[in-house]
Each structure stands twice: as C-alpha cells, then as structure tokens.
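Structure record follows, encoded as structure tokens.
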Amino acid sequence: MDGPYAMLKEFARYAIVGGVAFLADFGTLVLVQETALRTFEWGVYVSTVMGFLVGLAVNYVLSLKFVFTRDGDAGKGRTAGAFLAFGAIGLIGLAATELGMWVGVEILEWNYRVVKFLVTGLVLAWNYLGRRIFVFGLESGAQ
C-alpha cells in the first residue's frame with residue numbers, strides 16, 4: 001500500500017500509541033496533582049509537565065517499535081539527535097497544551113481533567129506530522 005493509504009495506516013498506529021502515551025501522561029498528571037501538588041497554586045501546570053515527560057518517553061519507545069517502522073525509517077529515530085528532535089516537537093506540543101490548560105482552567109474555569117482531554121486531541125495531529133516530517137522524513141512516509 002503506497003502513499004496516503006500507508007500514511008493513514010501509520011497515523012492510526014500513532015493514534016493508538018498516542019492513546020497509550022496519553023494514559024501514562026494523564027495518569028501521572030492526576031496522580032501528581034491530586035497527591036503531591038494539590039495545594040500548590042500552579043500545581044496543575046507543574047503536574048502537566050511531569051505527565052508530559054512520562055508520556056513523551058512512552059510515546060518515543062512505542063513509536064519506534066510500532067509506528068515508524070518502514071524500511072526508510074530504519075535507524076532514523078534511534079540517534080541522540082532524533083530523540084532531541086522528537087522531544088523538541090513534543091515541547092511545542094507541550095507549549096500548546098499548557099496554553100490550552102491555562103485558557104481552559106483559568107479563563108473558562110473548566111475542570112483540568114476535561115481541558116486535558118480536549119487539548120490532547122488538538123495536539124495529536126501536530127505531534128504526528130512534526131515527527132513524521134522532521135524526525136523520520138516525509139519521503140519515507142509516502143513510499
């Protein structure tokens with residue numbers, strides 16, 4: 001299967017991996033917020049960063065194993081530079097997440113759990129496309 005169909009299948013795998021990473025991210029967010037940082041004024045934002053770091057690690061490992069697996073991807077994501085690019089793309093996603101969390105929690109006064117779900121959906125596409133283009137290269141994704 002070539003072209004857009006192959007990329008669609010790859011995105012579907014990425015969405016599943018992203019779901020697993022989200023569970024790790026969200027679980028860490030709630031655990032840290034509800035236990036260690038409950039009374040800290042900016043605790044939800046610190047907890048969001050901690051969840052992000054756990055989710056990033058899970059996403060990286062599972063993406064290499066299950067998502068970016070085409071012949072053209074071999075070895076591309078397994079260097080220190082690739083991990084830094086993977087992380088940098090994630091940091092942009094984190095910035096968008098933090099902005100969304102701030103808008104949702106501070107301005108709209110919504111529950112942080114609801115806001116996290118909504119924001120995560122918006123950041124998913126950026127993370128996939130950024131990693132496909134800047135870490136693994138678009139040409140290996142189009143085959």
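Numbering starts fresh at 1 for the residues of each chain in the structure tokens, the chains themselves are lettered A, B, ... in the order given, and ligands are numbered from 1 as they appear.
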
Inset, instruction - For Ala21 (chain A), list every protein, DNA or RNA residue within 7 Å, evaluated using only C-alpha atoms, and leave out those in the same chain fewer than 5 positions away; present the list as a PyMOL selection string. - result: chain A and resi 55+58-59

Legend entry - For CA of Lys76 (chain A) and CA of Arg132 (chain A), the interatomic separation in Å (one decimal): 10.7 Å

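Restricting the calculation to only C-alpha atoms, the smallest distance between Ala6 (chain A) and any of A:Val67, A:Leu108, A:Leu62, A:Val135 is found for A:Val67.
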
Inset, instruction - Can you pull out every residue within 9 Å of Glu10 (chain A), counting only C-alpha atoms, but drop anything in the same chain fewer than 6 positions away, and send it as a PyMOL selection string? - result: chain A and resi 66-69+141

Just-selected residues, N, CA and C atoms written as a PDB file, in the first residue's frame:
```pdb
ATOM      1  N   PHE A  66       6.370   0.448  16.987  1.00  0.00           N
ATOM      2  CA  PHE A  66       5.128   0.108  16.302  1.00  0.00           C
ATOM      3  C   PHE A  66       4.673   1.077  15.204  1.00  0.00           C
ATOM      4  N   VAL A  67       5.181   2.313  15.189  1.00  0.00           N
ATOM      5  CA  VAL A  67       4.640   3.299  14.249  1.00  0.00           C
ATOM      6  C   VAL A  67       5.577   3.548  13.082  1.00  0.00           C
ATOM      7  N   PHE A  68       6.734   4.078  13.359  1.00  0.00           N
ATOM      8  CA  PHE A  68       7.670   4.462  12.302  1.00  0.00           C
ATOM      9  C   PHE A  68       8.579   3.270  12.000  1.00  0.00           C
ATOM     10  N   THR A  69       8.020   2.303  11.273  1.00  0.00           N
ATOM     11  CA  THR A  69       8.695   1.017  11.081  1.00  0.00           C
ATOM     12  C   THR A  69       8.999   0.692   9.620  1.00  0.00           C
ATOM     13  N   GLY A 141       7.609   8.305   4.638  1.00  0.00           N
ATOM     14  CA  GLY A 141       6.209   8.114   4.992  1.00  0.00           C
ATOM     15  C   GLY A 141       5.328   7.935   3.766  1.00  0.00           C
TER      16      GLY A 141
END
```

Find the residues near Phe134 (chain A): any atom within 10 Å, counting only C-alpha atoms, skip ones fewer than 3 places away on the same chain, and give them as a short mmCIF file (atom, residue, chain, number, x, y, z; two decimals) with C-alpha atoms, in the first residue's frame.
```
data_model
loop_
_atom_site.label_atom_id
_atom_site.label_comp_id
_atom_site.auth_asym_id
_atom_site.auth_seq_id
_atom_site.Cartn_x
_atom_site.Cartn_y
_atom_site.Cartn_z
CA ALA A 82 16.50 12.23 16.51
CA ALA A 85 14.03 16.47 17.56
CA PHE A 86 11.32 14.10 18.82
CA ILE A 89 8.38 18.61 18.64
CA LEU A 129 3.06 15.33 11.49
CA GLY A 130 6.03 17.03 13.14
CA ARG A 131 7.67 13.71 13.93
CA GLY A 137 11.23 12.43 6.83
CA LEU A 138 8.16 12.77 4.70
#
```

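Here the question is which of A:Met50, A:Leu23, A:Ile16, A:Val30 gets nearest to Asn111 (chain A) using only C-alpha atoms, and that residue is A:Val30.
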
Inset, instruction - Identify, on the basis of only C-alpha atoms, every residue whose closest approach to Leu122 (chain A) does not exceed 10 Å; exclude the query and any residue fewer than 4 positions from it along the same chain; express the result as number ranges by chain. - result: A: 93, 96-97, 100, 117-118, 126-127

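Distances to Gly77 (chain A) were evaluated for A:Leu56, A:Ala24, A:Val61, A:Leu29 using only C-alpha atoms, and the minimum falls at A:Val61.
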
Legend entry - Residues near Ser47 (chain A), cut-off 6 Å, only C-alpha atoms, skip fewer than 2 positions along chain, as a PyMOL selection string: chain A and resi 29+32-33+43-45+49-50

Inset, instruction - Enumerate the residues of region 17-86 of chain A with a DSSP assignment of helix (DSSP H, G or I), computed from the backbone, and present them as a ChimeraX atom specification. - result: /A:17-34,43-67,71-73,80-86

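Between CA of Ala15 (chain A) and CA of Val123 (chain A) lies a distance of 11.4 Å.
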